[in-house]
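A.B. asks: upload21.cif (mmCIF, C-alpha atoms and all ligand atoms) pasted underneath:
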data_final
#
loop_
_atom_site.group_PDB
_atom_site.id
_atom_site.type_symbol
_atom_site.label_atom_id
_atom_site.label_comp_id
_atom_site.auth_asym_id
_atom_site.auth_seq_id
_atom_site.Cartn_x
_atom_site.Cartn_y
_atom_site.Cartn_z
ATOM 1 C CA MET Q 1 154.588 116.236 122.404
ATOM 2 C CA ILE Q 2 156.802 117.385 125.238
ATOM 3 C CA GLY Q 3 157.412 120.690 127.057
ATOM 4 C CA ILE Q 4 159.775 121.587 129.898
ATOM 5 C CA ASP Q 5 160.363 124.679 132.035
ATOM 6 C CA LEU Q 6 162.845 125.623 134.739
ATOM 7 C CA VAL Q 7 162.156 128.645 136.986
ATOM 8 C CA TYR Q 8 164.108 130.581 139.617
ATOM 9 C CA ILE Q 9 161.917 130.544 142.726
ATOM 10 C CA PRO Q 10 163.114 133.866 144.330
ATOM 11 C CA ARG Q 11 161.769 135.692 141.245
ATOM 12 C CA PHE Q 12 158.266 134.801 142.497
ATOM 13 C CA THR Q 13 158.648 136.434 145.919
ATOM 14 C CA ARG Q 14 157.801 139.733 144.238
ATOM 15 C CA TRP Q 15 154.682 138.165 142.730
ATOM 16 C CA LEU Q 16 153.286 137.716 146.261
ATOM 17 C CA SER Q 17 152.783 141.498 146.395
ATOM 18 C CA TYR Q 18 150.718 141.528 143.188
ATOM 19 C CA SER Q 19 146.968 142.048 143.461
ATOM 20 C CA ASP Q 20 144.596 139.113 143.030
ATOM 21 C CA ASN Q 21 143.401 140.644 139.756
ATOM 22 C CA GLN Q 22 146.955 140.625 138.395
ATOM 23 C CA LEU Q 23 147.611 137.075 139.577
ATOM 24 C CA LEU Q 24 144.279 135.886 138.154
ATOM 25 C CA THR Q 25 145.537 136.673 134.643
ATOM 26 C CA ILE Q 26 147.924 133.712 135.097
ATOM 27 C CA PHE Q 27 146.588 131.587 137.968
ATOM 28 C CA SER Q 28 143.111 130.242 138.739
ATOM 29 C CA CYS Q 29 141.069 131.099 141.881
ATOM 30 C CA ARG Q 30 141.715 127.598 143.210
ATOM 31 C CA GLU Q 31 145.465 128.066 142.775
ATOM 32 C CA LEU Q 32 145.463 131.386 144.660
ATOM 33 C CA GLU Q 33 143.500 129.803 147.518
ATOM 34 C CA GLU Q 34 145.963 126.897 147.629
ATOM 35 C CA CYS Q 35 148.898 129.346 147.500
ATOM 36 C CA ARG Q 36 147.686 131.042 150.706
ATOM 37 C CA ARG Q 37 147.601 127.668 152.452
ATOM 38 C CA ARG Q 38 151.275 127.058 151.529
ATOM 39 C CA THR Q 39 152.730 129.619 153.981
ATOM 40 C CA PRO Q 40 155.714 130.105 154.168
ATOM 41 C CA LYS Q 41 156.321 128.431 150.793
ATOM 42 C CA GLU Q 42 154.000 130.553 148.658
ATOM 43 C CA ALA Q 43 156.771 131.630 146.251
ATOM 44 C CA GLU Q 44 157.777 128.003 145.686
ATOM 45 C CA PHE Q 45 154.135 127.134 144.989
ATOM 46 C CA LEU Q 46 153.642 129.994 142.479
ATOM 47 C CA ALA Q 47 156.963 129.155 140.815
ATOM 48 C CA SER Q 48 156.188 125.486 140.322
ATOM 49 C CA ARG Q 49 152.648 126.200 139.061
ATOM 50 C CA PHE Q 50 154.024 128.789 136.652
ATOM 51 C CA ALA Q 51 156.584 126.241 135.407
ATOM 52 C CA VAL Q 52 153.702 123.827 134.767
ATOM 53 C CA LYS Q 53 151.887 126.431 132.673
ATOM 54 C CA GLU Q 54 154.997 127.236 130.617
ATOM 55 C CA ALA Q 55 155.835 123.557 130.123
ATOM 56 C CA PHE Q 56 152.233 122.922 129.031
ATOM 57 C CA TYR Q 57 152.366 125.916 126.675
ATOM 58 C CA LYS Q 58 155.569 124.613 125.086
ATOM 59 C CA ALA Q 59 154.153 121.115 124.619
ATOM 60 C CA LEU Q 60 150.940 122.610 123.233
ATOM 61 C CA SER Q 61 152.840 124.909 120.827
ATOM 62 C CA THR Q 62 154.700 121.891 119.476
ATOM 63 C CA THR Q 63 151.369 120.087 119.087
ATOM 64 C CA CYS Q 64 149.653 123.060 117.412
ATOM 65 C CA ALA Q 65 152.596 123.665 115.076
ATOM 66 C CA THR Q 66 151.398 120.581 113.186
ATOM 67 C CA ILE Q 67 147.800 121.899 112.926
ATOM 68 C CA THR Q 68 147.715 124.698 110.345
ATOM 69 C CA HIS Q 69 144.282 126.195 111.162
ATOM 70 C CA ILE Q 70 145.180 127.113 114.783
ATOM 71 C CA GLN Q 71 146.610 130.628 114.927
ATOM 72 C CA PRO Q 72 149.475 131.157 117.440
ATOM 73 C CA PHE Q 73 148.499 132.656 120.794
ATOM 74 C CA GLY Q 74 150.567 133.592 123.842
ATOM 75 C CA LEU Q 75 151.053 131.920 127.208
ATOM 76 C CA ARG Q 76 148.750 134.445 128.904
ATOM 77 C CA THR Q 77 145.797 133.317 126.776
ATOM 78 C CA ILE Q 78 145.909 129.799 128.182
ATOM 79 C CA ALA Q 79 147.769 129.990 131.510
ATOM 80 C CA ARG Q 80 144.794 130.285 133.858
ATOM 81 C CA PHE Q 81 143.061 127.274 132.273
ATOM 82 C CA VAL Q 82 145.960 124.960 133.187
ATOM 83 C CA GLU Q 83 145.813 123.624 136.741
ATOM 84 C CA ILE Q 84 147.165 120.698 138.639
ATOM 85 C CA THR Q 85 145.558 118.693 141.393
ATOM 86 C CA PRO Q 86 147.050 115.904 143.519
ATOM 87 C CA ASP Q 87 145.824 112.373 142.910
ATOM 88 C CA ALA Q 88 143.686 111.426 145.910
ATOM 89 C CA ARG Q 89 145.462 108.101 146.483
ATOM 90 C CA TRP Q 90 149.084 108.559 145.383
ATOM 91 C CA GLY Q 91 149.564 112.324 145.739
ATOM 92 C CA CYS Q 92 151.113 112.610 142.275
ATOM 93 C CA PRO Q 93 150.148 115.779 140.388
ATOM 94 C CA LEU Q 94 147.477 115.449 137.695
ATOM 95 C CA LEU Q 95 147.165 118.150 135.049
ATOM 96 C CA LEU Q 96 143.669 119.529 134.457
ATOM 97 C CA PHE Q 97 142.875 121.222 131.157
ATOM 98 C CA SER Q 98 139.543 121.322 129.376
ATOM 99 C CA ALA Q 99 139.706 122.178 125.662
ATOM 100 C CA GLN Q 100 135.922 122.789 125.817
ATOM 101 C CA GLU Q 101 136.185 125.290 128.694
ATOM 102 C CA PHE Q 102 139.058 127.021 126.883
ATOM 103 C CA TYR Q 103 136.985 127.211 123.690
ATOM 104 C CA THR Q 104 133.999 128.686 125.567
ATOM 105 C CA ALA Q 105 136.188 131.408 127.094
ATOM 106 C CA THR Q 106 138.413 132.261 124.111
ATOM 107 C CA GLY Q 107 136.741 130.966 120.933
ATOM 108 C CA ILE Q 108 139.933 129.010 120.151
ATOM 109 C CA ARG Q 109 139.204 125.384 119.269
ATOM 110 C CA LEU Q 110 141.977 123.021 120.356
ATOM 111 C CA PRO Q 111 141.996 119.268 119.832
ATOM 112 C CA THR Q 112 140.946 117.046 122.728
ATOM 113 C CA LEU Q 113 144.096 116.110 124.584
ATOM 114 C CA THR Q 114 145.460 114.562 127.734
ATOM 115 C CA ALA Q 115 148.573 115.797 129.510
ATOM 116 C CA GLN Q 116 150.944 114.107 131.954
ATOM 117 C CA ILE Q 117 153.027 116.190 134.321
ATOM 118 C CA SER Q 118 156.121 115.734 136.451
ATOM 119 C CA LEU Q 119 157.360 118.414 138.878
ATOM 120 C CA SER Q 120 160.409 118.923 141.074
ATOM 121 C CA HIS Q 121 161.889 121.712 143.193
ATOM 122 C CA ASP Q 122 165.075 122.063 145.206
ATOM 123 C CA HIS Q 123 166.391 125.223 146.885
ATOM 124 C CA ASP Q 124 166.066 128.063 144.351
ATOM 125 C CA TYR Q 125 164.770 126.186 141.308
ATOM 126 C CA ALA Q 126 161.584 124.440 140.223
ATOM 127 C CA ILE Q 127 161.160 122.380 137.075
ATOM 128 C CA ALA Q 128 158.107 121.001 135.284
ATOM 129 C CA GLN Q 129 157.783 118.643 132.373
ATOM 130 C CA VAL Q 130 154.574 118.041 130.439
ATOM 131 C CA VAL Q 131 153.745 115.426 127.828
ATOM 132 C CA ILE Q 132 150.646 116.021 125.695
ATOM 133 C CA THR Q 133 148.870 113.224 123.876
ATOM 134 C CA LEU Q 134 146.066 113.843 121.394
ATOM 135 C CA VAL Q 135 142.976 111.766 122.208
HETATM 136 C C1 LIG Q 201 157.780 129.868 125.194
HETATM 137 C C2 LIG Q 201 158.100 130.658 126.431
HETATM 138 C C3 LIG Q 201 157.075 130.278 127.503
HETATM 139 C C4 LIG Q 201 159.542 130.317 126.837
HETATM 140 O O1 LIG Q 201 159.779 130.659 128.154
HETATM 141 P P1 LIG Q 201 161.092 131.338 128.718
HETATM 142 O O2 LIG Q 201 161.002 131.145 130.187
HETATM 143 O O3 LIG Q 201 161.204 132.703 128.156
HETATM 144 O O4 LIG Q 201 162.287 130.570 128.118
HETATM 145 P P2 LIG Q 201 162.900 129.136 128.487
HETATM 146 O O5 LIG Q 201 164.328 129.338 128.815
HETATM 147 O O6 LIG Q 201 162.058 128.413 129.471
HETATM 148 O O7 LIG Q 201 162.794 128.371 127.106
HETATM 149 C C5 LIG Q 201 163.467 128.831 126.011
HETATM 150 C C6 LIG Q 201 163.334 127.806 124.910
HETATM 151 O O8 LIG Q 201 161.967 127.554 124.655
HETATM 152 C C7 LIG Q 201 161.830 127.206 123.287
HETATM 153 N N1 LIG Q 201 160.603 127.828 122.837
HETATM 154 C C8 LIG Q 201 160.392 129.108 122.512
HETATM 155 N N2 LIG Q 201 159.111 129.280 122.171
HETATM 156 C C9 LIG Q 201 158.528 128.071 122.296
HETATM 157 C C10 LIG Q 201 157.228 127.606 122.081
HETATM 158 N N3 LIG Q 201 156.233 128.395 121.690
HETATM 159 N N4 LIG Q 201 156.967 126.298 122.299
HETATM 160 C C11 LIG Q 201 157.946 125.462 122.702
HETATM 161 N N5 LIG Q 201 159.193 125.856 122.940
HETATM 162 C C12 LIG Q 201 159.473 127.149 122.736
HETATM 163 C C13 LIG Q 201 163.042 127.717 122.539
HETATM 164 O O9 LIG Q 201 163.698 126.621 121.939
HETATM 165 C C14 LIG Q 201 163.886 128.340 123.636
HETATM 166 O O10 LIG Q 201 165.221 127.930 123.582
HETATM 167 P P3 LIG Q 201 166.270 128.630 122.546
HETATM 168 O O11 LIG Q 201 166.065 130.116 122.711
HETATM 169 O O12 LIG Q 201 167.599 128.151 123.013
HETATM 170 O O13 LIG Q 201 165.890 128.120 121.197
HETATM 171 C C15 LIG Q 201 158.047 132.174 126.215
HETATM 172 O O14 LIG Q 201 159.084 132.529 125.329
HETATM 173 C C16 LIG Q 201 156.740 132.630 125.692
HETATM 174 O O15 LIG Q 201 155.826 132.898 126.439
HETATM 175 N N6 LIG Q 201 156.650 132.703 124.383
HETATM 176 C C17 LIG Q 201 155.407 133.032 123.785
HETATM 177 C C18 LIG Q 201 155.472 134.427 123.360
HETATM 178 C C19 LIG Q 201 154.155 134.782 122.851
HETATM 179 O O16 LIG Q 201 153.265 135.071 123.621
HETATM 180 N N7 LIG Q 201 154.038 134.747 121.561
HETATM 181 C C20 LIG Q 201 152.858 135.148 120.947
HETATM 182 C C21 LIG Q 201 152.582 134.238 119.790
HETATM 183 S S1 LIG Q 201 151.311 134.956 118.917
#
Could you write out this structure as structure tokens?
Ligand SMILES: CC(C)(COP(=O)(O)OP(=O)(O)OC[C@H]1O[C@@H](n2cnc3c(N)ncnc32)[C@H](O)[C@@H]1OP(=O)(O)O)[C@@H](O)C(=O)NCCC(=O)NCCS
C.D. replies:
Amino acid sequence: MIGIDLVYIPRFTRWLSYSDNQLLTIFSCRELEECRRRTPKEAEFLASRFAVKEAFYKALSTTCATITHIQPFGLRTIARFVEITPDARWGCPLLLFSAQEFYTATGIRLPTLTAQISLSHDHDYAIAQVVITLV
């Protein structure tokens, strides 16, 4: 299943003034640490990571829509469990999501899945596309 999201980067400049506690409802600790290393491109970093989370949520919604026992939940429930990390050799982004970790934290059982990600940003916009495959 596929999900895509396009975001306007300047919208995230305001997010840089939010407290860590507010940001941690969407982003992980590792992402906030990485964000601080991205000076002066912190807004671009937050924007592209947020686009990843929305694209993942859309792909996951489409996946879950075919599984009747999973009750719908919002983006905020899952956002902080979705992270990306660069591949050590090629630098391409790899999406990290653990259905087990999500279950432990929320009690929501999702199927085991893998997700592929592609990201791009240019001037004011960032875009992310996610493809989820059930294992
Ligand atoms: C899905 C969501 C992330 C979309 O993000 P957005 O930035 O507002 O909107 P975008 O422009 O990126 O995308 C809009 C498109 O996403 C699609 N879309 C909406 N909800 C979707 C979902 N759950 N999964 C996949 N695609 C979805 C729609 O087709 C929409 O286009 P349309 O209005 O022309 O039909 C956002 O609407 C959201 O968080 N929805 C969940 C709301 C929620 O928490 N619901 C609680 C359920 S219990």
A.B. asks: If the limit is 9 Å from any atom of ligand LIG 201 (chain Q), counting all atoms listed in the file, which residues qualify? Return them as a ChimeraX atom specification.
C.D. replies: /Q:2-7,51,53-63,65,71-77
A.B. asks: Which of these, Q:Ile78, Q:Ala43, Q:Ile67, Q:Leu23, has the shortest distance to Tyr103 (chain Q) once you count all atoms listed in the file?
C.D. replies: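 Selected residue with least distance to Tyr103 (chain Q): Q:Ile78.
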A.B. asks: If the PyMOL selection byres (((chain Q and resi 84) around 9) and not hetatm) is run on the structure shown, which residues does it catch, given as a ChimeraX atom specification?
C.D. replies: /Q:31,49,52,82-83,85-86,93-97,117
A.B. asks: Run the PyMOL selection byres (((chain Q and resi 17-20) around 12) and not hetatm) on the file and write out the hits as a PyMOL selection string.
C.D. replies: chain Q and resi 11-16+21-33+35-36+42-43+46
A.B. asks: Write out, as a PDB file, in the coordinates of the input, the residues just selected, with C-alpha atoms.
C.D. replies:
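To be explicit, this is the file written out as part.pdb:
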ATOM      1  CA  ARG Q  11     161.769 135.692 141.245  1.00  0.00           C
ATOM      2  CA  PHE Q  12     158.266 134.801 142.497  1.00  0.00           C
ATOM      3  CA  THR Q  13     158.648 136.434 145.919  1.00  0.00           C
ATOM      4  CA  ARG Q  14     157.801 139.733 144.238  1.00  0.00           C
ATOM      5  CA  TRP Q  15     154.682 138.165 142.730  1.00  0.00           C
ATOM      6  CA  LEU Q  16     153.286 137.716 146.261  1.00  0.00           C
ATOM      7  CA  ASN Q  21     143.401 140.644 139.756  1.00  0.00           C
ATOM      8  CA  GLN Q  22     146.955 140.625 138.395  1.00  0.00           C
ATOM      9  CA  LEU Q  23     147.611 137.075 139.577  1.00  0.00           C
ATOM     10  CA  LEU Q  24     144.279 135.886 138.154  1.00  0.00           C
ATOM     11  CA  THR Q  25     145.537 136.673 134.643  1.00  0.00           C
ATOM     12  CA  ILE Q  26     147.924 133.712 135.097  1.00  0.00           C
ATOM     13  CA  PHE Q  27     146.588 131.587 137.968  1.00  0.00           C
ATOM     14  CA  SER Q  28     143.111 130.242 138.739  1.00  0.00           C
ATOM     15  CA  CYS Q  29     141.069 131.099 141.881  1.00  0.00           C
ATOM     16  CA  ARG Q  30     141.715 127.598 143.210  1.00  0.00           C
ATOM     17  CA  GLU Q  31     145.465 128.066 142.775  1.00  0.00           C
ATOM     18  CA  LEU Q  32     145.463 131.386 144.660  1.00  0.00           C
ATOM     19  CA  GLU Q  33     143.500 129.803 147.518  1.00  0.00           C
ATOM     20  CA  CYS Q  35     148.898 129.346 147.500  1.00  0.00           C
ATOM     21  CA  ARG Q  36     147.686 131.042 150.706  1.00  0.00           C
ATOM     22  CA  GLU Q  42     154.000 130.553 148.658  1.00  0.00           C
ATOM     23  CA  ALA Q  43     156.771 131.630 146.251  1.00  0.00           C
ATOM     24  CA  LEU Q  46     153.642 129.994 142.479  1.00  0.00           C
TER      25      LEU Q  46
END
A.B. asks: From the list Q:Ala47, Q:Val130, Q:Val135, Q:Ala79, which residue is nearest Ala115 (chain Q) when using all atoms listed in the file?
C.D. replies: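 Smallest separation from Ala115 (chain Q) among the options: Q:Val130.
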A.B. asks: Once the PyMOL selection byres (((chain Q and resi 112) around 7) and not hetatm) has been applied to the shown file, what residues remain in the selection, as a list of chain:residue names?
C.D. replies: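 Applying the PyMOL selection byres (((chain Q and resi 112) around 7) and not hetatm) to the structure shown produces Q:Ala99, Q:Leu110, Q:Pro111, Q:Leu113, Q:Leu134, Q:Val135.
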A.B. asks: In Å, with one decimal, what is the gap from CA of Asp124 (chain Q) to CA of Ser48 (chain Q)?
C.D. replies: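 Value for the CA of Asp124 (chain Q)-CA of Ser48 (chain Q) distance: 11.0 Å.
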